[in-house]
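Below is the file final-v3.txt, which contains compact mmCIF, C-alpha atoms.
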# COMPACT_ATOMS: atom_id res chain seq x y z
CA MET A 1 -17.55 12.19 8.13
CA LYS A 2 -18.17 9.43 5.61
CA ASN A 3 -14.57 9.67 4.46
CA ILE A 4 -13.31 8.92 7.98
CA PHE A 5 -15.63 5.93 8.29
CA TYR A 6 -14.62 4.50 4.91
CA LEU A 7 -10.94 5.01 5.75
CA LEU A 8 -11.29 2.99 8.95
CA ILE A 9 -13.17 0.23 7.11
CA LEU A 10 -10.43 0.24 4.48
CA CYS A 11 -7.83 -0.20 7.23
CA LEU A 12 -9.71 -3.22 8.54
CA ALA A 13 -10.02 -4.68 5.07
CA PHE A 14 -6.29 -4.24 4.57
CA MET A 15 -5.66 -6.22 7.74
CA SER A 16 -7.34 -9.27 6.25
CA CYS A 17 -5.42 -9.35 2.99
CA GLY A 18 -2.28 -11.27 2.16
CA THR A 19 -0.09 -8.20 2.48
CA GLN A 20 -1.16 -7.71 6.09
CA LYS A 21 -0.58 -11.40 6.80
CA SER A 22 3.01 -11.25 5.52
CA PHE A 23 3.45 -7.97 7.42
CA PHE A 24 2.79 -9.74 10.72
CA GLU A 25 4.59 -12.95 9.76
CA GLY A 26 7.63 -10.82 8.93
CA ARG A 27 7.65 -9.80 12.65
CA LYS A 28 6.99 -6.14 11.88
CA SER A 29 3.79 -5.67 13.84
CA SER A 30 3.23 -2.32 15.49
CA VAL A 31 3.38 -3.97 18.89
CA GLU A 32 6.73 -5.59 18.29
CA PHE A 33 8.72 -2.68 16.94
CA LYS A 34 7.17 -0.07 19.25
CA ASP A 35 6.86 -2.27 22.33
CA PHE A 36 3.82 -0.38 23.60
CA GLU A 37 1.04 -2.39 25.23
CA PRO A 38 -2.53 -1.20 25.82
CA ILE A 39 -3.67 -0.99 29.44
CA ASP A 40 -6.93 -0.17 31.19
CA PRO A 41 -7.12 3.65 31.15
CA THR A 42 -5.57 5.17 34.28
CA GLU A 43 -6.14 8.78 35.30
CA TYR A 44 -3.03 10.92 34.92
CA THR A 45 -2.69 13.57 37.63
CA LYS A 46 0.96 14.67 37.39
CA ASP A 47 2.58 17.94 36.33
CA VAL A 48 3.64 18.38 32.70
CA ASP A 49 5.75 20.89 30.78
CA ILE A 50 3.92 23.07 28.26
CA VAL A 51 4.89 26.09 26.19
CA VAL A 52 2.98 29.30 26.95
CA ASP A 53 3.93 32.55 25.20
CA SER A 54 7.25 31.07 24.05
CA ALA A 55 8.16 30.09 27.63
CA LEU A 56 8.25 26.70 29.30
CA LYS A 57 5.63 26.33 32.01
CA HIS A 58 5.23 23.54 34.59
CA LYS A 59 1.55 22.85 35.25
CA ASN A 60 -0.63 20.06 36.60
CA ILE A 61 -2.32 18.30 33.71
CA LYS A 62 -5.74 18.69 35.33
CA LEU A 63 -5.34 22.49 35.29
CA LEU A 64 -4.56 22.76 31.57
CA THR A 65 -6.99 24.70 29.42
CA LYS A 66 -8.55 22.99 26.41
CA ASP A 67 -6.07 24.64 24.03
CA GLU A 68 -3.13 23.75 26.28
CA THR A 69 -4.28 20.14 26.43
CA LEU A 70 -4.59 19.90 22.65
CA SER A 71 -1.16 21.49 22.25
CA PHE A 72 0.35 19.04 24.75
CA LEU A 73 -1.23 16.00 23.06
CA ASN A 74 0.62 16.58 19.81
CA ASN A 75 0.77 12.99 18.48
CA GLU A 76 -1.93 10.82 16.91
CA THR A 77 -1.96 7.17 15.94
CA VAL A 78 -4.22 4.21 15.18
CA LEU A 79 -2.86 0.85 16.32
CA VAL A 80 -4.13 -2.71 16.43
CA TYR A 81 -2.88 -4.94 19.24
CA ILE A 82 -3.37 -8.72 19.38
CA GLY A 83 -2.79 -10.48 22.67
CA GLN A 84 -2.95 -14.16 23.64
CA GLU A 85 -3.96 -15.16 27.14
CA SER A 86 -1.15 -16.58 29.26
CA ILE A 87 -1.42 -19.23 31.96
CA GLU A 88 -1.28 -16.46 34.57
CA GLY A 89 -4.46 -14.94 33.14
CA GLY A 90 -2.88 -11.87 31.51
CA PHE A 91 -2.34 -11.16 27.83
CA SER A 92 0.98 -11.22 25.97
CA TYR A 93 0.90 -9.01 22.88
CA LEU A 94 2.55 -10.82 20.00
CA PRO A 95 2.77 -10.53 16.18
CA VAL A 96 0.09 -13.16 15.42
CA THR A 97 -3.02 -12.98 13.25
CA VAL A 98 -3.98 -16.65 12.87
CA SER A 99 -5.54 -18.45 15.80
CA ALA A 100 -4.79 -21.73 17.52
CA LYS A 101 -7.66 -23.98 18.59
CA GLY A 102 -9.13 -23.37 22.03
CA ALA A 103 -7.04 -20.25 22.72
CA THR A 104 -8.27 -16.94 24.13
CA TYR A 105 -7.26 -13.70 22.44
CA LYS A 106 -7.76 -10.00 22.94
CA VAL A 107 -7.88 -7.77 19.86
CA VAL A 108 -7.64 -4.03 20.58
CA MET A 109 -7.96 -1.22 18.05
CA ASP A 110 -6.92 2.17 19.47
CA TYR A 111 -7.15 5.70 18.19
CA MET A 112 -4.96 7.89 20.42
CA LYS A 113 -4.18 11.59 20.58
CA PHE A 114 -1.28 11.50 22.99
CA ALA A 115 2.08 12.59 24.36
CA THR A 116 4.81 10.09 25.22
CA LEU A 117 6.27 10.59 28.69
CA ALA A 118 9.31 8.89 30.22
CA LYS A 119 9.01 7.39 33.68
CA TYR A 120 12.19 7.60 35.77
CA ASP A 121 13.47 5.59 38.70
CA TYR A 122 15.23 8.31 40.68
CA ASP A 123 16.77 5.78 43.06
CA ASP A 124 18.83 4.17 40.29
CA VAL A 125 18.77 7.19 37.94
CA LYS A 126 17.40 5.21 35.02
CA VAL A 127 14.42 5.13 32.69
CA LEU A 128 11.82 2.55 33.69
CA GLY A 129 9.87 2.95 30.49
CA PHE A 130 7.43 5.19 28.68
CA SER A 131 3.71 5.90 28.93
CA ARG A 132 1.37 7.24 26.29
CA VAL A 133 -0.83 9.80 27.99
CA GLY A 134 -3.79 11.11 26.08
CA VAL A 135 -7.37 10.75 24.97
CA GLY A 136 -8.85 8.39 22.44
CA LEU A 137 -11.19 5.65 21.38
CA ARG A 138 -10.87 1.91 21.89
CA LEU A 139 -12.70 -0.97 20.22
CA SER A 140 -11.75 -4.30 21.73
CA SER A 141 -12.92 -7.88 21.59
CA GLN A 142 -12.01 -10.81 23.82
CA ILE A 143 -12.63 -14.10 22.08
CA THR A 144 -12.11 -17.84 22.44
CA THR A 145 -11.58 -19.80 19.25
CA LYS A 146 -13.11 -23.22 18.59
CA GLU A 147 -11.00 -23.86 15.50
CA ALA A 148 -7.43 -23.20 14.37
CA GLY A 149 -6.57 -20.94 11.45
CA ILE A 150 -9.12 -18.16 12.08
CA ASN A 151 -7.97 -14.69 11.03
CA ILE A 152 -8.13 -12.81 14.32
CA GLY A 153 -6.41 -9.73 12.89
CA ASP A 154 -9.59 -8.51 11.19
CA LEU A 155 -12.55 -7.42 13.33
CA LEU A 156 -14.99 -7.85 10.44
CA SER A 157 -13.77 -11.43 9.88
CA LEU A 158 -14.29 -12.08 13.58
CA GLY A 159 -17.92 -11.06 13.17
CA ILE A 160 -18.32 -13.67 10.44
CA ALA A 161 -16.54 -16.31 12.54
CA VAL A 162 -18.83 -15.63 15.51
CA LYS A 163 -21.93 -16.00 13.31
CA ALA A 164 -20.54 -19.31 12.01
CA GLY A 165 -20.06 -20.59 15.57
CA LYS A 166 -16.25 -20.75 15.26
CA VAL A 167 -15.61 -18.07 17.87
CA THR A 168 -17.25 -16.92 21.11
CA GLY A 169 -16.58 -13.66 22.86
CA ARG A 170 -17.58 -10.11 23.60
CA LEU A 171 -17.13 -6.63 22.17
CA ALA A 172 -16.28 -3.50 24.17
CA ILE A 173 -16.33 0.15 23.15
CA GLU A 174 -14.47 2.76 25.22
CA VAL A 175 -14.31 6.53 24.94
CA ILE A 176 -11.21 7.52 26.90
CA GLY A 177 -10.84 11.02 28.33
CA ILE A 178 -13.36 12.62 25.91
CA LYS A 179 -16.42 14.07 27.66
CA SER A 180 -19.51 15.81 26.36
CA LYS A 181 -23.26 15.22 26.30
CA GLU A 182 -23.15 14.61 22.56
CA VAL A 183 -20.41 11.99 22.91
CA THR A 184 -22.47 10.15 25.52
CA THR A 185 -25.45 10.15 23.15
CA LEU A 186 -23.37 8.81 20.27
CA LEU A 187 -21.93 5.86 22.22
CA PRO A 188 -23.53 2.63 20.86
CA PHE A 189 -24.59 -0.45 22.84
CA PRO A 190 -23.57 -3.56 20.88
CA SER A 191 -25.50 -6.60 22.07
CA GLU A 192 -23.25 -9.13 20.31
CA ILE A 193 -20.31 -9.49 17.94
CA ASN A 194 -21.31 -9.54 14.28
CA GLN A 195 -20.54 -7.57 11.15
CA THR A 196 -23.38 -5.11 11.72
CA THR A 197 -22.49 -4.24 15.32
CA ILE A 198 -18.81 -3.85 14.42
CA GLN A 199 -19.61 -1.55 11.49
CA ASN A 200 -22.01 0.50 13.65
CA ALA A 201 -19.36 0.77 16.36
CA MET A 202 -16.74 1.92 13.86
CA GLN A 203 -19.07 4.56 12.45
CA ALA A 204 -19.98 5.84 15.93
CA LEU A 205 -16.32 6.06 16.96
CA ALA A 206 -15.45 7.96 13.78
CA THR A 207 -18.18 10.48 14.65
CA ILE A 208 -16.98 10.79 18.25
CA LYS A 209 -13.41 11.33 17.01
CA SER A 210 -14.61 14.40 15.10
CA LYS A 211 -15.91 15.92 18.36
CA VAL A 212 -12.48 16.20 20.02
CA TYR A 213 -12.03 19.83 18.95
CA ASP A 214 -15.61 20.93 19.70
CA LYS A 215 -15.84 23.72 22.27
CA ASP A 216 -18.30 21.72 24.40
CA THR A 217 -16.00 18.71 24.61
CA ASP A 218 -13.76 18.41 27.67
CA LEU A 219 -10.53 16.39 27.57
CA TYR A 220 -9.07 14.43 30.49
CA PRO A 221 -5.79 12.70 29.48
CA GLN A 222 -5.32 9.12 30.67
CA VAL A 223 -2.46 6.62 30.55
CA MET A 224 -3.50 4.41 27.62
CA ALA A 225 -0.40 2.38 26.77
CA ILE A 226 3.01 1.67 28.29
CA LYS A 227 6.40 0.54 27.07
CA ASN A 228 8.64 -1.41 29.46
CA GLU A 229 12.38 -0.83 29.24
CA LEU A 230 13.31 -3.92 31.30
CA LYS A 231 14.37 -6.80 29.05
CA PHE A 232 14.92 -10.34 30.29
CA GLU A 233 15.63 -13.62 28.57
CA LYS A 234 13.07 -16.20 29.64
CA THR A 235 15.29 -19.25 30.13
CA GLY A 236 13.69 -20.83 33.19
CA PRO A 237 11.71 -24.07 33.48
CA LYS A 238 8.67 -24.64 31.29
CA ILE A 239 5.12 -24.96 32.61
CA ASN A 240 2.58 -26.00 29.97
CA ASN A 241 5.13 -25.05 27.30
CA THR A 242 5.55 -21.56 28.82
CA GLN A 243 8.89 -20.61 30.32
CA ILE A 244 8.57 -18.98 33.75
CA THR A 245 11.27 -17.10 35.65
CA ILE A 246 11.40 -14.54 38.45
CA ALA A 247 12.15 -11.96 35.74
CA ASP A 248 8.48 -12.10 34.72
CA SER A 249 7.41 -10.67 38.08
CA LEU A 250 10.09 -7.96 37.84
CA ILE A 251 8.76 -6.91 34.45
CA ASN A 252 5.20 -6.78 35.78
CA ASP A 253 6.31 -4.69 38.78
CA ASN A 254 8.07 -2.32 36.40
CA LYS A 255 4.92 -1.96 34.28
CA LEU A 256 2.95 -1.02 37.38
CA LYS A 257 5.49 1.68 38.26
CA ILE A 258 5.28 3.09 34.73
CA GLN A 259 1.50 3.12 34.85
CA LEU A 260 0.95 4.49 38.35
CA GLY A 261 4.20 6.35 38.93
CA SER A 262 6.76 6.36 41.72
CA THR A 263 5.00 7.91 44.72
CA LYS A 264 8.22 8.80 46.53
CA ALA A 265 9.75 10.59 43.56
CA GLU A 266 6.53 12.43 42.73
CA GLN A 267 6.18 13.64 46.34
CA ALA A 268 9.78 14.84 46.37
CA LYS A 269 9.34 16.68 43.08
CA LYS A 270 6.27 18.48 44.40
CA MET A 271 8.01 19.43 47.66
CA GLU A 272 11.07 20.72 45.81
CA ARG A 273 8.83 22.91 43.68
CA GLN A 274 7.05 24.26 46.78
CA ALA A 275 10.41 24.99 48.43
CA PHE A 276 11.52 27.07 45.44
CA ASP A 277 8.19 28.93 45.44
CA PHE A 278 8.95 29.96 49.04
CA LEU A 279 12.53 30.78 48.04
CA PHE A 280 11.41 33.11 45.26
CA GLU A 281 9.02 34.75 47.74
CA GLN A 282 12.10 35.20 50.00
CA ASN A 283 10.52 33.18 52.81
CA VAL A 284 13.68 31.46 53.97
CA ASP A 285 12.18 29.60 56.95
CA ALA A 286 9.37 28.02 54.89
CA ALA A 287 11.85 27.12 52.12
CA ILE A 288 14.17 25.35 54.57
CA GLN A 289 11.28 23.47 56.17
CA LYS A 290 9.98 22.23 52.80
CA LEU A 291 13.47 21.19 51.65
CA GLU A 292 13.97 19.21 54.86
CA GLU A 293 10.59 17.50 54.37
CA CYS A 294 11.65 16.64 50.84
CA ASN A 295 14.93 15.22 52.08
CA LYS A 296 13.08 12.97 54.55
CA VAL A 297 10.82 11.60 51.82
CA PHE A 298 13.65 11.14 49.31
CA PRO A 299 17.13 11.67 50.87
CA THR A 300 19.03 11.57 47.56
CA TYR A 301 16.63 13.71 45.53
CA ASN A 302 18.52 16.23 43.40
CA SER A 303 20.40 18.78 45.55
CA VAL A 304 17.74 19.46 48.21
CA TYR A 305 20.06 18.55 51.11
CA ASP A 306 22.85 20.90 49.95
CA ILE A 307 20.44 23.77 49.23
CA ALA A 308 18.84 23.41 52.68
CA LYS A 309 22.32 23.42 54.26
CA LEU A 310 23.23 26.58 52.31
CA LEU A 311 20.03 28.38 53.37
CA LYS A 312 20.47 27.45 57.03
CA LYS A 313 24.02 28.78 56.94
CA GLU A 314 22.81 32.17 55.64
CA ARG A 315 19.45 32.17 57.45
CA GLN A 316 20.19 35.22 59.61
CA ASN A 317 21.19 37.38 56.65
CA LEU A 318 18.24 36.17 54.55
CA THR A 319 15.60 37.24 57.05
CA ASP A 320 16.01 40.68 55.50
CA LYS A 321 14.33 40.52 52.08
CA LYS A 322 16.39 43.51 50.90
CA SER A 323 19.69 41.85 51.73
CA SER A 324 22.19 41.48 48.88
CA LYS A 325 22.74 37.92 50.13
CA TRP A 326 19.61 36.86 48.23
CA ASN A 327 21.35 37.51 44.90
CA ASP A 328 24.34 35.50 46.08
CA ILE A 329 22.08 32.59 47.12
CA TYR A 330 20.30 32.48 43.77
CA LYS A 331 23.63 32.60 41.93
CA THR A 332 25.16 29.84 44.08
CA ILE A 333 22.18 27.52 43.58
CA LEU A 334 22.25 28.17 39.83
CA ASN A 335 25.99 27.54 39.50
CA GLN A 336 26.44 24.66 41.97
CA TYR A 337 23.12 22.98 42.77
CA SER A 338 20.96 23.17 39.62
CA TRP A 339 21.37 19.48 38.68
CA ARG A 340 17.98 18.09 37.47
CA LEU A 341 16.09 21.27 38.33
CA SER A 342 13.22 22.08 35.96
CA GLU A 343 13.78 24.61 33.18
CA GLU A 344 11.21 26.89 34.79
CA ILE A 345 13.07 26.99 38.12
CA ILE A 346 16.41 27.54 36.35
CA GLY A 347 14.82 30.36 34.34
CA LYS A 348 13.59 32.08 37.50
CA LEU A 349 17.00 31.69 39.14
CA LYS A 350 18.57 33.41 36.13
CA GLN A 351 16.03 36.25 36.36
CA LYS A 352 16.82 36.71 40.05

Could I get this structure in the form of structure tokens?
Amino acid sequence: MKNIFYLLILCLAFMSCGTQKSFFEGRKSSVEFKDFEPIDPTEYTKDVDIVVDSALKHKNIKLLTKDETLSFLNNETVLVYIGQESIEGGFSYLPVTVSAKGATYKVVMDYMKFATLAKYDYDDVKVLGFSRVGVGLRLSSQITTKEAGINIGDLLSLGIAVKAGKVTGRLAIEVIGIKSKEVTTLLPFPSEINQTTIQNAMQALATIKSKVYDKDTDLYPQVMAIKNELKFEKTGPKINNTQITIADSLINDNKLKIQLGSTKAEQAKKMERQAFDFLFEQNVDAAIQKLEECNKVFPTYNSVYDIAKLLKKERQNLTDKKSSKWNDIYKTILNQYSWRLSEEIIGKLKQK
């Protein structure tokens, strides 16, 4: 336990040294080369692919067992993000560690146990971006500097700066997707930013981190960070030395889609899955109805239109569950209409 705490303190101390300063000035910050930005935790309710008994299984993330969740969240990282407030009121995460006078910054330190998921735009058949879905701990501070040249890349230095009256702000501690009575008891209540409250917060978070694998701890993965694949050159007019173009709003819309998902595509995916469940039960009428509903929600989704047309053509023969036509239908779908079907559905088609 103490080793974890001292390791985290050592990481913070490293951030304040000359090596860390040149690391950021060399434009190699974690934010820049990974392009992930922290967001307010958003509940993730979609289906995910997991491996069960050497087979791929499609399952809603809320229905995963504790072991399945831990297996799915197979990555871990600790990242520090530094964002400067923009004129629109949001924060742009940039490779900076030294403050300007009178600016507002947000410093976020995240521990994440996560999986990285791509978010697709099925209309244009392209990747919108990526989301990090998982559980973790977040220590963040939002500050306004009264002087230039303050090292904002070190939380402990910020505590000293606040005590000296050079910085004003607040400290927030978040436990994301980790639930147990003991975790709730361990969560501290910092009344202000100073060295003592920051050290106490770090120690408490290190203890909470060790509870992730406890049998009494439940895990509820959240979207914690996103990476936007849209790239635009900001070459428009300047307002208060900040260039503004319509591309900014496009990027923000894209981030929202990555975070919250594309409702139309998610509905279509669910309906397609339900249609195949009916198909494997040899309920041809219910399968056709669900495929037609899917086609209304998302007319170009995968091959739902062609599969529905095929089933309607053979409907009379398929009313008999013992008909040899069922084997022909499964084979035709597998050979001609399996584009973008899940591995689980393809596997069942092969079995049939």

Pick out the residues sitting within 12 Å of Lys290 in chain A, and hand them over as a short mmCIF file (atom, residue, chain, number, x, y, z; two decimals) with C-alpha atoms, in the frame of the given file; count all atoms listed in the file, and ignore anything fewer than 5 positions along from it in its own chain.
data_model
loop_
_atom_site.label_atom_id
_atom_site.label_comp_id
_atom_site.auth_asym_id
_atom_site.auth_seq_id
_atom_site.Cartn_x
_atom_site.Cartn_y
_atom_site.Cartn_z
CA GLN A 267 6.18 13.64 46.34
CA ALA A 268 9.78 14.84 46.37
CA LYS A 269 9.34 16.68 43.08
CA LYS A 270 6.27 18.48 44.40
CA MET A 271 8.01 19.43 47.66
CA GLU A 272 11.07 20.72 45.81
CA ARG A 273 8.83 22.91 43.68
CA GLN A 274 7.05 24.26 46.78
CA ALA A 275 10.41 24.99 48.43
CA PHE A 276 11.52 27.07 45.44
CA ASP A 277 8.19 28.93 45.44
CA PHE A 278 8.95 29.96 49.04
CA LEU A 279 12.53 30.78 48.04
CA ASN A 283 10.52 33.18 52.81
CA VAL A 284 13.68 31.46 53.97
CA ASP A 285 12.18 29.60 56.95
CA ASN A 295 14.93 15.22 52.08
CA LYS A 296 13.08 12.97 54.55
CA VAL A 297 10.82 11.60 51.82
CA VAL A 304 17.74 19.46 48.21
CA TYR A 305 20.06 18.55 51.11
CA ILE A 307 20.44 23.77 49.23
CA ALA A 308 18.84 23.41 52.68
CA LEU A 311 20.03 28.38 53.37
#

CA of Ala201 in chain A and CA of Lys66 in chain A, how far apart in Å?
26.7 Å

Would you kindly return, as a ChimeraX atom specification, each protein, DNA or RNA residue with an atom no farther than 6 Å from any atom of range 133-144 of chain A, considering only C-alpha atoms and excluding same-chain residues fewer than 3 positions away?
/A:103-115,167-177,221-223

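Taking all atoms listed in the file into account, the residues near (-10.5, -21.0, 18.5), no farther than 7 Å, are Ser99, Ala100, Lys101, Gly102, Ala103, Thr144, Thr145, Lys146, Glu147, Ala148, Lys166 and Val167 of chain A.
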
Between A:Leu79, A:Val127, A:Ser92, A:Leu186, which has the minimum distance to Gly153 in chain A (counting all atoms listed in the file)?
A:Leu79

Which residues are near range 214-220 of chain A? Cut-off 6 Å, all atoms listed in the file, ignore same chain within fewer than 3 positions. Put them as JSON, numbers by chain.
{"A": [177, 178, 179, 180, 211]}

Which is closest to Glu344 in chain A among A:Ala55, A:Val183, A:Ile198, A:Val162, if we use only C-alpha atoms?
A:Ala55

Incomplete range 281-292 of chain A filled out to N, CA, C and O atoms as a PDB file, in the frame of the given file:
ATOM      1  N   GLU A 281       9.768  33.778  46.932  1.00  0.00           N
ATOM      2  CA  GLU A 281       9.020  34.750  47.740  1.00  0.00           C
ATOM      3  C   GLU A 281       9.890  35.306  48.870  1.00  0.00           C
ATOM      4  O   GLU A 281       9.430  36.123  49.660  1.00  0.00           O
ATOM      5  N   GLN A 282      11.123  34.808  48.972  1.00  0.00           N
ATOM      6  CA  GLN A 282      12.100  35.200  50.000  1.00  0.00           C
ATOM      7  C   GLN A 282      11.620  34.845  51.413  1.00  0.00           C
ATOM      8  O   GLN A 282      11.903  35.548  52.380  1.00  0.00           O
ATOM      9  N   ASN A 283      10.937  33.724  51.507  1.00  0.00           N
ATOM     10  CA  ASN A 283      10.520  33.180  52.810  1.00  0.00           C
ATOM     11  C   ASN A 283      11.481  32.053  53.156  1.00  0.00           C
ATOM     12  O   ASN A 283      11.238  30.884  52.853  1.00  0.00           O
ATOM     13  N   VAL A 284      12.596  32.410  53.775  1.00  0.00           N
ATOM     14  CA  VAL A 284      13.680  31.460  53.970  1.00  0.00           C
ATOM     15  C   VAL A 284      13.291  30.326  54.926  1.00  0.00           C
ATOM     16  O   VAL A 284      13.656  29.165  54.699  1.00  0.00           O
ATOM     17  N   ASP A 285      12.551  30.635  55.977  1.00  0.00           N
ATOM     18  CA  ASP A 285      12.180  29.600  56.950  1.00  0.00           C
ATOM     19  C   ASP A 285      11.283  28.534  56.316  1.00  0.00           C
ATOM     20  O   ASP A 285      11.477  27.331  56.517  1.00  0.00           O
ATOM     21  N   ALA A 286      10.282  28.969  55.537  1.00  0.00           N
ATOM     22  CA  ALA A 286       9.370  28.020  54.890  1.00  0.00           C
ATOM     23  C   ALA A 286      10.119  27.195  53.833  1.00  0.00           C
ATOM     24  O   ALA A 286       9.853  25.996  53.665  1.00  0.00           O
ATOM     25  N   ALA A 287      11.072  27.833  53.134  1.00  0.00           N
ATOM     26  CA  ALA A 287      11.850  27.120  52.120  1.00  0.00           C
ATOM     27  C   ALA A 287      12.698  26.018  52.762  1.00  0.00           C
ATOM     28  O   ALA A 287      12.761  24.891  52.273  1.00  0.00           O
ATOM     29  N   ILE A 288      13.345  26.341  53.867  1.00  0.00           N
ATOM     30  CA  ILE A 288      14.170  25.350  54.570  1.00  0.00           C
ATOM     31  C   ILE A 288      13.309  24.194  55.068  1.00  0.00           C
ATOM     32  O   ILE A 288      13.668  23.017  54.914  1.00  0.00           O
ATOM     33  N   GLN A 289      12.161  24.511  55.649  1.00  0.00           N
ATOM     34  CA  GLN A 289      11.280  23.470  56.170  1.00  0.00           C
ATOM     35  C   GLN A 289      10.826  22.524  55.055  1.00  0.00           C
ATOM     36  O   GLN A 289      10.836  21.293  55.230  1.00  0.00           O
ATOM     37  N   LYS A 290      10.455  23.078  53.894  1.00  0.00           N
ATOM     38  CA  LYS A 290       9.980  22.230  52.800  1.00  0.00           C
ATOM     39  C   LYS A 290      11.121  21.398  52.211  1.00  0.00           C
ATOM     40  O   LYS A 290      10.914  20.229  51.847  1.00  0.00           O
ATOM     41  N   LEU A 291      12.324  21.957  52.132  1.00  0.00           N
ATOM     42  CA  LEU A 291      13.470  21.190  51.650  1.00  0.00           C
ATOM     43  C   LEU A 291      13.807  20.042  52.591  1.00  0.00           C
ATOM     44  O   LEU A 291      14.154  18.943  52.155  1.00  0.00           O
ATOM     45  N   GLU A 292      13.701  20.276  53.892  1.00  0.00           N
ATOM     46  CA  GLU A 292      13.970  19.210  54.860  1.00  0.00           C
ATOM     47  C   GLU A 292      12.911  18.123  54.798  1.00  0.00           C
ATOM     48  O   GLU A 292      13.216  16.927  54.921  1.00  0.00           O
TER      49      GLU A 292
END
